[in-house]
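Report on the following structure.
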Amino acid sequence: MRQIPVDTSAASVMAAQPPQAKVKDRRTGEIAIDAETGTTLMTVNVMFAANDTVELLAVTVPKTGISGDLTMGTPVALTGLVARPWERDGRHGIAFRAVAVTSLVENAAKPKAA
């Protein structure tokens with residue numbers, strides 16, 4: 001599947017809501033699992049602001065890639081963000097996936113080494 005790297009260096013990104021388990025099948029409630037690692041997949045909704053535009057993106061990330069307290073408004077860093085175009089049953093869109101979502105508040109609160 002085609003993956004397009006997304007440059008986040010000029011963007012401001014904030015958590016829009018806490019991470020939630022990604023549901024694979026809404027009828028059964030089955031939770032999505034990463035096929036390669038077996039890790040539970042999570043969905044993190046983020047506000048992505050760049051070029052005078054703000055969008056709400058749902059980003060899929062492995063549970064092990066989430067660090068820090070991701071409450072609404074928390075500035076975050078998206079590591080390895082890619083966009084994947086998809087089409088199925090006449091519908092289409094773009095899915096976003098990241099290796100990690102990290103709270104920047106947590107990093108700012110750590111004391112700096114002397």
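Order determines the names: the first chain of the structure tokens is A, the second B, and so forth; residues in each chain are numbered 1 upward, and ligands are numbered 1 upward as they are shown.
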
**Study point:** Ser103 (chain A) surroundings by only C-alpha atoms, 9 Å radius, close-in-sequence under 4 positions cut, as a VMD selection string
**Key:** chain A and resid 14 to 15 66 to 70 74 to 77 107

Practice prompt. Quick one: pick out all alpha helix (DSSP H) residues within chain A from a backbone DSSP run and write them as a list in words.
Written response: Leu104, Val105, Glu106, Asn107, Ala108 and Ala109 of chain A

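Going from CA of Leu78 (chain A) to CA of Val6 (chain A) covers 9.6 Å.
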
Within 10 Å of Met72 (chain A), counting only C-alpha atoms, which residues show up once you throw out same-chain ones fewer than 6 positions away? Write them as a ChimeraX atom specification, please. /A:14-18,45-47

Those residues with N, CA and C atoms, as a PDB file, in the first residue's frame please?
```pdb
ATOM      1  N   MET A  14      -1.993  19.286  18.556  1.00  0.00           N
ATOM      2  CA  MET A  14      -2.496  19.116  19.920  1.00  0.00           C
ATOM      3  C   MET A  14      -3.470  17.953  19.966  1.00  0.00           C
ATOM      4  N   ALA A  15      -3.485  17.262  21.088  1.00  0.00           N
ATOM      5  CA  ALA A  15      -4.465  16.188  21.279  1.00  0.00           C
ATOM      6  C   ALA A  15      -5.858  16.802  21.350  1.00  0.00           C
ATOM      7  N   ALA A  16      -6.802  16.195  20.649  1.00  0.00           N
ATOM      8  CA  ALA A  16      -8.190  16.668  20.679  1.00  0.00           C
ATOM      9  C   ALA A  16      -9.009  15.888  21.703  1.00  0.00           C
ATOM     10  N   GLN A  17      -8.570  14.660  21.985  1.00  0.00           N
ATOM     11  CA  GLN A  17      -9.201  13.841  23.016  1.00  0.00           C
ATOM     12  C   GLN A  17      -8.238  12.721  23.383  1.00  0.00           C
ATOM     13  N   PRO A  18      -8.439  12.085  24.528  1.00  0.00           N
ATOM     14  CA  PRO A  18      -7.536  11.005  24.940  1.00  0.00           C
ATOM     15  C   PRO A  18      -7.577   9.843  23.945  1.00  0.00           C
ATOM     16  N   ASN A  45      -7.147  11.359  18.223  1.00  0.00           N
ATOM     17  CA  ASN A  45      -7.619  12.486  17.429  1.00  0.00           C
ATOM     18  C   ASN A  45      -6.779  13.702  17.780  1.00  0.00           C
ATOM     19  N   VAL A  46      -6.219  14.348  16.757  1.00  0.00           N
ATOM     20  CA  VAL A  46      -5.369  15.516  16.966  1.00  0.00           C
ATOM     21  C   VAL A  46      -5.851  16.686  16.130  1.00  0.00           C
ATOM     22  N   MET A  47      -5.595  17.888  16.640  1.00  0.00           N
ATOM     23  CA  MET A  47      -5.814  19.118  15.872  1.00  0.00           C
ATOM     24  C   MET A  47      -4.488  19.437  15.215  1.00  0.00           C
TER      25      MET A  47
END
```

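Compared by their closest atoms to Thr79 (chain A), and using only C-alpha atoms, the residues A:Val61, A:Val99, A:Val13, A:Ile94 rank with A:Val99 nearest.
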
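Note that CA of Val105 (chain A) and CA of Val82 (chain A) are 23.3 Å apart.
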
DSSP strand (DSSP E) residues within chain A, listed as an MDAnalysis selection string = chainID A and resid 4:5 12:15 20:21 23:25 30:31 41:50 53:62 66:67 76:79 82:88 91:97 100:103

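Note that the spacing between CA of Gly65 (chain A) and CA of Thr53 (chain A) amounts to 26.6 Å.
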
Residue with the minimum atom-to-atom distance to Ala58 (chain A), picked from A:Gly73, A:Leu104, A:Pro19, A:Arg26 with only C-alpha atoms counted, is A:Pro19

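Minimum distance to Arg2 (chain A) across A:Arg97, A:Ala83, A:Gly38, A:His92 (counting only C-alpha atoms) occurs at A:Ala83.
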
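Of the listed residues (A:Glu55, A:Thr64, A:Trp86, A:Thr28), A:Trp86 comes nearest to Gln3 (chain A); the distances count only C-alpha atoms.
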
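Residue nearest Ala10 (chain A), chosen from A:Ala100, A:Leu81, A:Ala49, A:Leu57 and counting only C-alpha atoms: A:Ala49.
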